[in-house]
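Chemist: Take a look at upload_1.txt, compact mmCIF, C-alpha atoms:
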# COMPACT_ATOMS: atom_id res chain seq x y z
CA MET F 30 19.63 -8.83 -60.36
CA THR F 31 19.88 -11.89 -58.16
CA ILE F 32 18.00 -14.98 -59.32
CA VAL F 33 17.48 -17.76 -56.78
CA ARG F 34 17.74 -21.02 -58.63
CA ALA F 35 17.95 -24.76 -58.06
CA HIS F 36 19.17 -27.51 -60.38
CA MET F 37 18.54 -31.13 -59.54
CA SER F 38 19.05 -34.50 -61.18
CA ILE F 39 15.72 -36.25 -60.92
CA SER F 40 14.66 -39.75 -61.93
CA LEU F 41 11.63 -40.40 -64.14
CA ASP F 42 9.77 -41.42 -60.99
CA GLY F 43 10.63 -38.14 -59.30
CA TYR F 44 13.43 -39.04 -56.89
CA THR F 45 16.58 -37.01 -56.37
CA SER F 46 18.11 -39.70 -54.18
CA GLY F 47 17.31 -43.27 -53.20
CA ALA F 48 16.52 -44.92 -49.87
CA ASN F 49 19.31 -45.68 -47.36
CA GLN F 50 21.70 -42.83 -48.19
CA ARG F 51 25.02 -43.62 -46.52
CA PHE F 52 28.69 -42.73 -46.63
CA GLU F 53 29.56 -45.50 -49.10
CA GLN F 54 26.53 -44.76 -51.30
CA PRO F 55 25.77 -41.04 -50.84
CA PHE F 56 22.83 -41.12 -53.27
CA GLY F 57 21.31 -44.28 -51.75
CA ASP F 58 19.86 -47.47 -53.25
CA ASN F 59 19.21 -47.93 -56.98
CA THR F 60 21.09 -44.80 -57.99
CA GLU F 61 23.85 -46.44 -60.02
CA GLY F 62 24.32 -44.37 -63.16
CA PHE F 63 22.14 -41.55 -61.82
CA ASN F 64 24.88 -38.92 -62.18
CA ASP F 65 26.70 -40.44 -65.14
CA TRP F 66 25.32 -37.77 -67.46
CA MET F 67 27.20 -35.18 -65.44
CA PHE F 68 30.49 -37.03 -65.47
CA ARG F 69 30.34 -37.21 -69.28
CA ILE F 70 30.59 -33.40 -69.40
CA PRO F 71 34.11 -32.08 -70.17
CA ALA F 72 33.73 -29.15 -67.74
CA VAL F 73 32.79 -31.52 -64.92
CA ARG F 74 35.68 -33.88 -65.71
CA ARG F 75 38.12 -30.97 -65.63
CA MET F 76 36.61 -29.75 -62.35
CA PHE F 77 37.19 -33.12 -60.70
CA GLY F 78 40.57 -33.74 -62.42
CA LEU F 79 39.30 -36.87 -64.20
CA GLU F 80 41.06 -38.44 -67.18
CA GLY F 81 39.56 -38.21 -70.65
CA GLY F 82 37.77 -35.30 -72.23
CA GLY F 83 34.19 -36.47 -71.90
CA ASP F 84 31.51 -35.81 -74.44
CA PRO F 85 30.93 -32.21 -75.52
CA GLY F 86 27.26 -31.86 -76.27
CA PRO F 87 24.11 -30.11 -75.17
CA SER F 88 24.65 -30.99 -71.48
CA ASP F 89 28.01 -29.20 -71.58
CA ASP F 90 26.28 -25.91 -72.42
CA VAL F 91 23.63 -26.49 -69.75
CA PHE F 92 26.29 -27.14 -67.13
CA THR F 93 28.29 -24.06 -68.17
CA GLU F 94 25.15 -21.91 -67.80
CA ARG F 95 24.35 -23.57 -64.49
CA THR F 96 27.73 -22.80 -62.97
CA ALA F 97 28.03 -19.23 -64.27
CA ASN F 98 27.28 -16.08 -62.26
CA ILE F 99 26.93 -17.81 -58.87
CA GLY F 100 27.43 -15.50 -55.90
CA ALA F 101 26.47 -17.81 -53.04
CA ILE F 102 25.12 -21.27 -52.40
CA VAL F 103 22.74 -22.76 -49.82
CA MET F 104 22.67 -26.47 -49.05
CA GLY F 105 21.15 -28.84 -46.51
CA ARG F 106 23.12 -30.58 -43.79
CA GLN F 107 22.75 -33.96 -45.44
CA MET F 108 24.21 -32.68 -48.71
CA PHE F 109 27.19 -31.29 -46.82
CA GLY F 110 27.49 -34.63 -45.02
CA GLY F 111 29.36 -35.66 -41.91
CA GLY F 112 26.47 -37.70 -40.51
CA PRO F 113 23.50 -36.55 -38.45
CA GLY F 114 23.70 -34.90 -35.02
CA PRO F 115 26.35 -32.65 -33.46
CA TRP F 116 29.54 -31.95 -35.44
CA LYS F 117 32.46 -34.23 -34.56
CA ALA F 118 35.71 -32.46 -33.64
CA ASP F 119 38.08 -35.18 -34.81
CA PRO F 120 38.23 -35.64 -37.69
CA VAL F 121 36.56 -32.42 -38.75
CA TRP F 122 34.19 -33.12 -41.67
CA LYS F 123 34.79 -30.55 -44.42
CA GLY F 124 32.31 -31.82 -47.00
CA TRP F 125 32.59 -34.39 -49.77
CA TRP F 126 34.64 -32.27 -52.15
CA GLY F 127 38.23 -32.25 -50.85
CA ASP F 128 40.39 -29.26 -49.93
CA ASN F 129 39.38 -27.22 -52.98
CA PRO F 130 35.60 -27.63 -53.36
CA PRO F 131 34.06 -26.81 -56.74
CA TYR F 132 32.03 -23.88 -55.35
CA HIS F 133 34.50 -20.96 -55.09
CA CYS F 134 32.04 -18.78 -53.16
CA PRO F 135 30.32 -18.68 -49.75
CA VAL F 136 28.24 -21.80 -49.06
CA TYR F 137 25.56 -21.61 -46.35
CA VAL F 138 24.84 -24.99 -44.77
CA LEU F 139 21.52 -25.46 -42.95
CA THR F 140 22.08 -27.24 -39.65
CA HIS F 141 20.68 -27.49 -36.13
CA TYR F 142 24.21 -27.58 -34.69
CA PRO F 143 26.32 -24.41 -34.46
CA ARG F 144 29.82 -24.41 -35.91
CA GLY F 145 32.25 -21.68 -36.94
CA PRO F 146 32.97 -20.84 -40.59
CA GLN F 147 35.14 -23.35 -42.45
CA PRO F 148 37.35 -21.63 -45.06
CA MET F 149 38.66 -23.86 -47.85
CA ALA F 150 41.01 -23.39 -50.80
CA GLY F 151 39.72 -21.77 -53.98
CA GLY F 152 37.41 -19.23 -52.39
CA THR F 153 34.87 -21.58 -50.86
CA THR F 154 33.89 -20.89 -47.24
CA PHE F 155 31.29 -23.05 -45.54
CA HIS F 156 29.08 -21.07 -43.14
CA PHE F 157 26.79 -22.99 -40.80
CA VAL F 158 23.37 -21.46 -40.25
CA THR F 159 21.14 -22.55 -37.38
CA GLU F 160 18.44 -19.88 -37.78
CA GLY F 161 16.57 -21.69 -40.57
CA PRO F 162 16.12 -21.45 -44.35
CA ALA F 163 14.94 -17.84 -44.54
CA ALA F 164 17.97 -16.62 -42.56
CA ALA F 165 20.35 -18.71 -44.67
CA LEU F 166 18.86 -17.26 -47.85
CA ALA F 167 19.16 -13.72 -46.49
CA HIS F 168 22.87 -14.31 -45.75
CA ALA F 169 23.36 -15.83 -49.21
CA ARG F 170 21.62 -12.91 -50.93
CA GLU F 171 23.81 -10.47 -49.08
CA SER F 172 26.97 -12.34 -50.06
CA ALA F 173 25.86 -12.75 -53.67
CA GLY F 174 25.41 -9.06 -54.44
CA ASP F 175 24.11 -8.91 -58.03
CA LYS F 176 25.01 -12.53 -58.71
CA ASP F 177 22.71 -15.54 -58.37
CA VAL F 178 22.01 -17.67 -55.32
CA VAL F 179 21.87 -21.42 -55.93
CA ILE F 180 19.89 -23.73 -53.66
CA ALA F 181 22.09 -26.77 -54.17
CA GLY F 182 19.96 -29.43 -52.47
CA GLY F 183 19.04 -31.95 -51.34
CA ALA F 184 15.37 -32.55 -52.02
CA GLN F 185 14.14 -31.47 -48.60
CA THR F 186 16.04 -28.19 -48.79
CA VAL F 187 14.68 -27.38 -52.26
CA GLN F 188 11.18 -28.27 -51.02
CA GLN F 189 11.55 -25.89 -48.10
CA TYR F 190 12.51 -23.04 -50.39
CA LEU F 191 9.76 -23.87 -52.89
CA ALA F 192 7.29 -23.82 -49.99
CA LEU F 193 8.65 -20.39 -48.98
CA GLY F 194 8.08 -19.19 -52.56
CA ALA F 195 11.76 -18.25 -52.63
CA ILE F 196 12.93 -20.05 -55.79
CA ASP F 197 12.73 -18.15 -59.09
CA GLU F 198 14.00 -20.87 -61.42
CA LEU F 199 14.06 -24.64 -61.13
CA GLU F 200 15.97 -26.83 -63.54
CA LEU F 201 15.27 -30.55 -63.58
CA HIS F 202 17.90 -32.79 -65.13
CA LEU F 203 15.50 -35.64 -65.92
CA VAL F 204 17.42 -38.92 -65.94
CA PRO F 205 15.58 -41.73 -67.78
CA MET F 206 15.72 -44.30 -65.00
CA LEU F 207 13.69 -45.33 -61.97
CA ILE F 208 14.95 -45.16 -58.37
CA GLY F 209 11.81 -46.61 -56.79
CA GLY F 210 12.16 -45.09 -53.30
CA GLY F 211 13.86 -42.33 -51.32
CA ALA F 212 13.35 -38.57 -51.41
CA ARG F 213 10.97 -37.12 -53.97
CA LEU F 214 11.79 -33.58 -54.99
CA LEU F 215 8.26 -32.27 -55.47
CA ASP F 216 6.48 -33.77 -52.47
CA HIS F 217 5.34 -31.34 -49.76
CA VAL F 218 5.29 -28.39 -52.19
CA PRO F 219 2.07 -26.33 -52.29
CA VAL F 220 -0.01 -27.40 -55.32
CA SER F 221 -0.67 -23.72 -55.98
CA THR F 222 2.95 -23.44 -57.17
CA ARG F 223 3.05 -22.91 -60.93
CA PHE F 224 5.91 -23.64 -63.29
CA GLU F 225 6.41 -21.91 -66.66
CA PRO F 226 8.69 -23.72 -69.09
CA ILE F 227 11.68 -21.53 -70.03
CA ARG F 228 13.54 -23.98 -72.24
CA THR F 229 14.19 -27.68 -72.80
CA VAL F 230 17.51 -29.20 -73.85
CA SER F 231 17.66 -32.87 -74.83
CA ALA F 232 20.66 -35.15 -74.71
CA SER F 233 20.74 -38.90 -75.26
CA ASP F 234 21.08 -39.61 -71.55
CA VAL F 235 19.22 -36.72 -69.86
CA THR F 236 16.63 -34.02 -70.58
CA HIS F 237 17.13 -30.56 -69.07
CA LEU F 238 13.87 -28.82 -68.20
CA ARG F 239 14.09 -25.26 -66.94
CA TYR F 240 11.07 -23.60 -65.34
CA ARG F 241 10.23 -20.19 -63.95
CA VAL F 242 8.53 -20.79 -60.60
CA VAL F 243 5.42 -18.69 -59.95
CA ARG F 244 3.41 -18.49 -56.76
CA MET K 26 5.31 -54.16 -87.16
CA THR K 27 3.13 -53.58 -84.12
CA ILE K 28 4.46 -51.20 -81.49
CA VAL K 29 2.80 -51.24 -78.09
CA ARG K 30 2.76 -47.70 -76.80
CA ALA K 31 1.32 -45.54 -74.05
CA HIS K 32 0.90 -41.77 -73.87
CA MET K 33 0.02 -40.10 -70.61
CA SER K 34 -0.36 -36.57 -69.31
CA ILE K 35 1.71 -36.44 -66.15
CA SER K 36 2.20 -33.65 -63.62
CA LEU K 37 5.66 -32.46 -62.57
CA ASP K 38 5.20 -34.45 -59.36
CA GLY K 39 4.43 -37.62 -61.33
CA TYR K 40 0.66 -37.96 -61.08
CA THR K 41 -1.64 -38.88 -63.97
CA SER K 42 -4.74 -38.21 -61.88
CA GLY K 43 -5.55 -36.72 -58.49
CA ALA K 44 -7.13 -38.13 -55.37
CA ASN K 45 -10.91 -38.65 -55.16
CA GLN K 46 -11.65 -39.37 -58.83
CA ARG K 47 -15.40 -39.16 -59.28
CA PHE K 48 -18.07 -38.75 -61.94
CA GLU K 49 -18.14 -34.95 -61.64
CA GLN K 50 -14.34 -34.69 -61.54
CA PRO K 51 -12.99 -37.68 -63.53
CA PHE K 52 -9.35 -36.68 -63.01
CA GLY K 53 -9.78 -36.02 -59.27
CA ASP K 54 -8.63 -33.23 -56.97
CA ASN K 55 -6.20 -30.48 -58.03
CA THR K 56 -6.36 -31.38 -61.72
CA GLU K 57 -7.90 -28.16 -63.01
CA GLY K 58 -6.06 -27.24 -66.19
CA PHE K 59 -4.30 -30.61 -66.35
CA ASN K 60 -5.61 -31.43 -69.84
CA ASP K 61 -5.86 -27.87 -71.14
CA TRP K 62 -2.80 -28.37 -73.36
CA MET K 63 -4.74 -31.05 -75.23
CA PHE K 64 -7.84 -28.93 -75.73
CA ARG K 65 -5.72 -26.20 -77.32
CA ILE K 66 -4.87 -28.59 -80.17
CA PRO K 67 -6.93 -28.04 -83.35
CA ALA K 68 -7.18 -31.80 -84.06
CA VAL K 69 -8.57 -32.41 -80.56
CA ARG K 70 -11.04 -29.54 -80.85
CA ARG K 71 -12.32 -30.91 -84.17
CA MET K 72 -12.56 -34.41 -82.64
CA PHE K 73 -14.76 -33.15 -79.83
CA GLY K 74 -16.71 -30.69 -82.04
CA LEU K 75 -15.52 -27.68 -80.01
CA GLU K 76 -15.73 -24.11 -81.23
CA GLY K 77 -12.61 -22.21 -82.25
CA GLY K 78 -9.59 -23.52 -84.06
CA GLY K 79 -7.20 -23.88 -81.15
CA ASP K 80 -3.50 -23.23 -81.35
CA PRO K 81 -1.52 -25.02 -84.07
CA GLY K 82 1.92 -25.70 -82.70
CA PRO K 83 4.29 -28.45 -81.67
CA SER K 84 1.63 -30.28 -79.62
CA ASP K 85 -0.55 -30.55 -82.72
CA ASP K 86 2.13 -32.62 -84.49
CA VAL K 87 2.65 -34.77 -81.40
CA PHE K 88 -1.06 -35.48 -81.15
CA THR K 89 -1.31 -36.30 -84.85
CA GLU K 90 1.55 -38.81 -84.50
CA ARG K 91 -0.01 -40.22 -81.35
CA THR K 92 -3.36 -40.92 -83.01
CA ALA K 93 -1.97 -42.32 -86.28
CA ASN K 94 -1.65 -46.02 -87.11
CA ILE K 95 -3.63 -47.31 -84.14
CA GLY K 96 -5.05 -50.81 -84.63
CA ALA K 97 -6.43 -51.50 -81.16
CA ILE K 98 -6.58 -49.98 -77.70
CA VAL K 99 -6.45 -51.40 -74.16
CA MET K 100 -7.77 -49.47 -71.16
CA GLY K 101 -8.52 -50.06 -67.51
CA ARG K 102 -12.01 -50.28 -66.08
CA GLN K 103 -11.69 -46.97 -64.29
CA MET K 104 -10.78 -45.16 -67.50
CA PHE K 105 -13.84 -46.65 -69.20
CA GLY K 106 -15.89 -45.61 -66.19
CA GLY K 107 -19.34 -46.61 -65.01
CA GLY K 108 -18.31 -46.97 -61.37
CA PRO K 109 -16.74 -49.96 -59.61
CA GLY K 110 -18.35 -53.41 -59.26
CA PRO K 111 -20.72 -55.32 -61.55
CA TRP K 112 -22.03 -53.57 -64.66
CA LYS K 113 -25.41 -51.92 -64.24
CA ALA K 114 -28.06 -52.89 -66.81
CA ASP K 115 -30.03 -49.65 -66.73
CA PRO K 116 -28.72 -47.28 -67.82
CA VAL K 117 -25.97 -49.12 -69.69
CA TRP K 118 -22.69 -47.23 -69.29
CA LYS K 119 -21.01 -46.86 -72.69
CA GLY K 120 -17.96 -44.84 -71.69
CA TRP K 121 -17.33 -41.12 -71.34
CA TRP K 122 -17.16 -40.35 -75.05
CA GLY K 123 -20.75 -40.34 -76.38
CA ASP K 124 -22.20 -42.44 -79.21
CA ASN K 125 -19.22 -41.94 -81.51
CA PRO K 126 -16.08 -42.35 -79.37
CA PRO K 127 -12.80 -40.93 -80.69
CA TYR K 128 -11.19 -44.40 -80.99
CA HIS K 129 -12.56 -45.90 -84.24
CA CYS K 130 -11.08 -49.33 -83.54
CA PRO K 131 -11.52 -52.22 -81.08
CA VAL K 132 -11.03 -51.15 -77.46
CA TYR K 133 -10.29 -53.86 -74.86
CA VAL K 134 -11.44 -52.90 -71.37
CA LEU K 135 -9.88 -54.71 -68.40
CA THR K 136 -12.58 -55.71 -65.91
CA HIS K 137 -13.41 -58.34 -63.35
CA TYR K 138 -17.05 -58.39 -64.49
CA PRO K 139 -18.05 -60.12 -67.76
CA ARG K 140 -20.07 -58.22 -70.31
CA GLY K 141 -20.77 -58.70 -74.04
CA PRO K 142 -19.15 -56.50 -76.71
CA GLN K 143 -20.50 -52.97 -76.99
CA PRO K 144 -20.43 -51.71 -80.61
CA MET K 145 -20.55 -47.94 -81.07
CA ALA K 146 -20.74 -45.58 -84.05
CA GLY K 147 -17.57 -44.79 -85.99
CA GLY K 148 -15.91 -48.19 -85.78
CA THR K 149 -15.30 -48.34 -82.03
CA THR K 150 -16.30 -51.59 -80.30
CA PHE K 151 -15.70 -51.99 -76.57
CA HIS K 152 -14.71 -55.57 -75.64
CA PHE K 153 -14.63 -56.51 -71.96
CA VAL K 154 -11.79 -58.79 -70.93
CA THR K 155 -11.84 -60.65 -67.61
CA GLU K 156 -8.78 -62.86 -68.22
CA GLY K 157 -6.24 -60.18 -67.24
CA PRO K 158 -3.77 -57.80 -68.93
CA ALA K 159 -1.78 -60.39 -70.91
CA ALA K 160 -4.97 -61.81 -72.47
CA ALA K 161 -6.28 -58.32 -73.29
CA LEU K 162 -3.00 -57.44 -74.99
CA ALA K 163 -3.08 -60.69 -76.99
CA HIS K 164 -6.58 -59.85 -78.22
CA ALA K 165 -5.50 -56.31 -79.06
CA ARG K 166 -2.42 -57.50 -80.97
CA GLU K 167 -4.55 -59.87 -83.00
CA SER K 168 -7.05 -57.11 -83.84
CA ALA K 169 -4.31 -54.60 -84.66
CA GLY K 170 -2.59 -56.63 -87.35
CA ASP K 171 0.43 -54.58 -88.42
CA LYS K 172 -0.85 -51.45 -86.71
CA ASP K 173 0.03 -50.27 -83.20
CA VAL K 174 -1.59 -51.15 -79.91
CA VAL K 175 -2.12 -48.25 -77.51
CA ILE K 176 -2.35 -48.80 -73.75
CA ALA K 177 -4.61 -45.84 -73.06
CA GLY K 178 -4.49 -45.80 -69.25
CA GLY K 179 -5.03 -45.17 -66.44
CA ALA K 180 -1.88 -45.21 -64.37
CA GLN K 181 -2.46 -48.65 -62.86
CA THR K 182 -3.05 -50.21 -66.27
CA VAL K 183 0.12 -48.68 -67.73
CA GLN K 184 2.03 -49.84 -64.63
CA GLN K 185 0.78 -53.39 -65.13
CA TYR K 186 1.97 -53.45 -68.72
CA LEU K 187 5.32 -51.85 -67.82
CA ALA K 188 5.75 -54.55 -65.15
CA LEU K 189 4.99 -57.19 -67.81
CA GLY K 190 7.68 -55.64 -70.04
CA ALA K 191 5.00 -55.27 -72.69
CA ILE K 192 5.33 -51.57 -73.55
CA ASP K 193 7.76 -50.58 -76.33
CA GLU K 194 7.30 -46.81 -76.20
CA LEU K 195 6.14 -44.47 -73.47
CA GLU K 196 5.34 -40.83 -74.11
CA LEU K 197 4.98 -38.49 -71.14
CA HIS K 198 3.14 -35.25 -71.72
CA LEU K 199 4.76 -33.40 -68.82
CA VAL K 200 2.38 -30.70 -67.57
CA PRO K 201 4.12 -28.00 -65.49
CA MET K 202 1.87 -28.19 -62.45
CA LEU K 203 1.59 -30.15 -59.22
CA ILE K 204 -1.32 -32.45 -58.33
CA GLY K 205 -0.05 -33.41 -54.89
CA GLY K 206 -1.83 -36.75 -54.48
CA GLY K 207 -3.55 -39.55 -56.40
CA ALA K 208 -2.12 -42.13 -58.79
CA ARG K 209 1.54 -41.92 -59.72
CA LEU K 210 2.35 -43.37 -63.10
CA LEU K 211 5.76 -44.82 -62.34
CA ASP K 212 5.18 -46.37 -58.93
CA HIS K 213 5.26 -50.18 -58.74
CA VAL K 214 7.36 -50.46 -61.90
CA PRO K 215 10.54 -52.59 -61.65
CA VAL K 216 13.56 -50.30 -61.20
CA SER K 217 15.38 -52.47 -63.74
CA THR K 218 13.21 -50.89 -66.45
CA ARG K 219 15.29 -48.59 -68.64
CA PHE K 220 14.09 -45.71 -70.78
CA GLU K 221 15.94 -44.40 -73.84
CA PRO K 222 14.96 -40.90 -74.95
CA ILE K 223 13.64 -40.94 -78.53
CA ARG K 224 12.73 -37.29 -78.86
CA THR K 225 11.55 -34.26 -76.89
CA VAL K 226 9.09 -31.66 -78.13
CA SER K 227 8.55 -28.48 -76.10
CA ALA K 228 5.50 -26.27 -76.06
CA SER K 229 4.78 -23.36 -73.76
CA ASP K 230 2.30 -25.39 -71.69
CA VAL K 231 3.62 -28.98 -71.91
CA THR K 232 6.78 -30.94 -72.75
CA HIS K 233 6.44 -34.18 -74.72
CA LEU K 234 9.04 -36.78 -73.76
CA ARG K 235 9.10 -39.99 -75.78
CA TYR K 236 11.08 -43.00 -74.55
CA ARG K 237 11.87 -46.46 -75.83
CA VAL K 238 11.26 -48.83 -72.91
CA VAL K 239 13.95 -51.47 -72.39
CA ARG K 240 13.87 -54.37 -69.94
How does this structure look as structure tokens?

Modeler:
Amino acid sequence: MTIVRAHMSISLDGYTSGANQRFEQPFGDNTEGFNDWMFRIPAVRRMFGLEGGGDPGPSDDVFTERTANIGAIVMGRQMFGGGPGPWKADPVWKGWWGDNPPYHCPVYVLTHYPRGPQPMAGGTTFHFVTEGPAAALAHARESAGDKDVVIAGGAQTVQQYLALGAIDELELHLVPMLIGGGARLLDHVPVSTRFEPIRTVSASDVTHLRYRVVR
Amino acid sequence: MTIVRAHMSISLDGYTSGANQRFEQPFGDNTEGFNDWMFRIPAVRRMFGLEGGGDPGPSDDVFTERTANIGAIVMGRQMFGGGPGPWKADPVWKGWWGDNPPYHCPVYVLTHYPRGPQPMAGGTTFHFVTEGPAAALAHARESAGDKDVVIAGGAQTVQQYLALGAIDELELHLVPMLIGGGARLLDHVPVSTRFEPIRTVSASDVTHLRYRVVR
């Protein structure tokens, strides 16, 4: 059975990215160290071809669970990148992740600007959806079959799907730092949304909180 | 050795109280159920003379730790209550907690309006401090001796002490609900503040996250 799930790094003050996101600083101001917990995970280091084995520990198991059984992914335009507005033809922006992105499945990108599918190495194909979040999720569900659909981010995209009541599980990777400005994950979500704790995993640098989302 | 610590219930979207706090609804809008986790704890039920034993579980241990070894308490005017502005002489507001408040030690209340000490049954005396947060903390430290000082709240008061670098330990009782507006605990805190996880305790209705605060 398909589960629609989202997994986000979030600061103690509730931000998933800082102010002034830009090419040189994709996560924005005051986000230094925000994703370090992830780059200490052996599976992540292997995925990105980084030297050194990293630190096997509770986060390793969480990340392995998180990346298993994914049939399709949905992400916002800003997470895919390439700047705002119409797509530029030269150079063609193919995401932040190089020729072989770490997704290995169909990825549906929400955008206001039409563009043909962008196949990549390793089984990833970026599809650009202009009909809105519900349509993108329908495409993703169809592609995923019995596997899960992951709403990859960013904050605004996850908010949209929470508002639609379309997310079954939300995992917060709570990073013990403050960002102090930017995009807050849980703004603009109906307060009637309820969260039931499924499990908590603690590491020295992050706490993983998984919730069932109930409307 | 005295530890200065704070313990706050906080919603998933970062609020410790809702908008429109008022006498009839001290925690403000959209806070129904926000403190239910606490009233399921046997020690809390005994403290407030409530019927039924409650639910012994991980939160019971957390609450027992939280209330042990307290030498003095600091709280903001709004947490003490009695409305804004000068103190009214008739009736005299003596806090929300009845004749025998659950503190049993000196409590320093931050206020702009002078008032003499208010002794209560059970060892609680409310002292009203007009010289600001640093002075209130100095008084509390002196009263506490080797015991701990607790910054009881609300959000603004905890923020002030975090900004002063005066809090050694912060425990968040993360309640899996949204409040959607009101006072956010970790706004207006310097982003240079670092938090080191000490321990996490999970219950079905709340997750207790304890951090060492480092400046």

Chemist: Select, as a count of residues only, those residues of chain F with any atom no more than 10 Å from chain K (distances computed using all atoms listed in the file).

Modeler: 41

Chemist: Between CA of Arg71 (chain K) and CA of Asp86 (chain K), what is the distance, to one decimal in Å?

Modeler: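 So the two atoms, CA of Arg71 (chain K) and CA of Asp86 (chain K), lie 14.6 Å apart.
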
Chemist: Using 3 Å of padding on each side, determine the axis-aligned box around all atoms of region 91-107 of chain K present in the file and give its centre and edge lengths in Å to one decimal, as lines of an AutoDock Vina configuration file.

Modeler:
center_x = -9.7
center_y = -45.9
center_z = -75.7
size_x = 25.3
size_y = 17.3
size_z = 28.8

Chemist: To one decimal place, how far is CA of Gly107 (chain K) from CA of Ala180 (chain K) in Å?

Modeler: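 If I compute the distance from CA of Gly107 (chain K) to CA of Ala180 (chain K), I get 17.5 Å.
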
Chemist: Find, counting only C-alpha atoms, the residue in K:Asp173, K:Glu196, K:Asp54, K:Glu167 that gets nearest to Val29 (chain K).

Modeler: K:Asp173

Chemist: Just to confirm, what's the straight-line distance from CA of Ser168 (chain K) to CA of Thr27 (chain K) in Å (one decimal)?

Modeler: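 CA of Thr27 (chain K) lies at a distance of 10.8 Å from CA of Ser168 (chain K).
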
Chemist: Please rebuild region 57-62 of chain F with all heavy atoms and return the result as a tab-separated table (two decimals), in the frame of the given file.

Modeler:
chain	number	residue	atom	x	y	z
F	57	GLY	N	22.24	-43.25	-52.19
F	57	GLY	CA	21.31	-44.28	-51.75
F	57	GLY	C	21.10	-45.40	-52.76
F	57	GLY	O	21.76	-45.47	-53.80
F	58	ASP	N	20.13	-46.26	-52.45
F	58	ASP	CA	19.86	-47.47	-53.25
F	58	ASP	C	19.38	-47.13	-54.67
F	58	ASP	O	18.66	-46.15	-54.86
F	58	ASP	CB	18.79	-48.32	-52.57
F	58	ASP	CG	19.24	-48.85	-51.21
F	58	ASP	OD1	20.46	-48.85	-50.94
F	58	ASP	OD2	18.35	-49.26	-50.41
F	59	ASN	N	19.72	-48.01	-55.59
F	59	ASN	CA	19.21	-47.93	-56.98
F	59	ASN	C	19.56	-46.64	-57.70
F	59	ASN	O	18.81	-46.17	-58.55
F	59	ASN	CB	17.67	-48.09	-57.03
F	59	ASN	CG	17.20	-49.41	-56.45
F	59	ASN	OD1	17.88	-50.41	-56.59
F	59	ASN	ND2	16.06	-49.39	-55.79
F	60	THR	N	20.71	-46.06	-57.33
F	60	THR	CA	21.09	-44.80	-57.99
F	60	THR	C	22.32	-44.98	-58.88
F	60	THR	O	22.89	-43.98	-59.34
F	60	THR	CB	21.36	-43.69	-56.95
F	60	THR	OG1	22.35	-44.15	-56.03
F	60	THR	CG2	20.10	-43.32	-56.21
F	61	GLU	N	22.71	-46.23	-59.13
F	61	GLU	CA	23.85	-46.44	-60.02
F	61	GLU	C	23.57	-45.81	-61.39
F	61	GLU	O	22.52	-46.07	-61.98
F	61	GLU	CB	24.08	-47.94	-60.21
F	61	GLU	CG	25.51	-48.36	-59.97
F	61	GLU	CD	25.59	-49.88	-59.92
F	61	GLU	OE1	25.05	-50.48	-58.97
F	61	GLU	OE2	26.17	-50.44	-60.86
F	62	GLY	N	24.48	-45.02	-61.85
F	62	GLY	CA	24.32	-44.37	-63.16
F	62	GLY	C	23.55	-43.07	-63.10
F	62	GLY	O	23.45	-42.37	-64.11
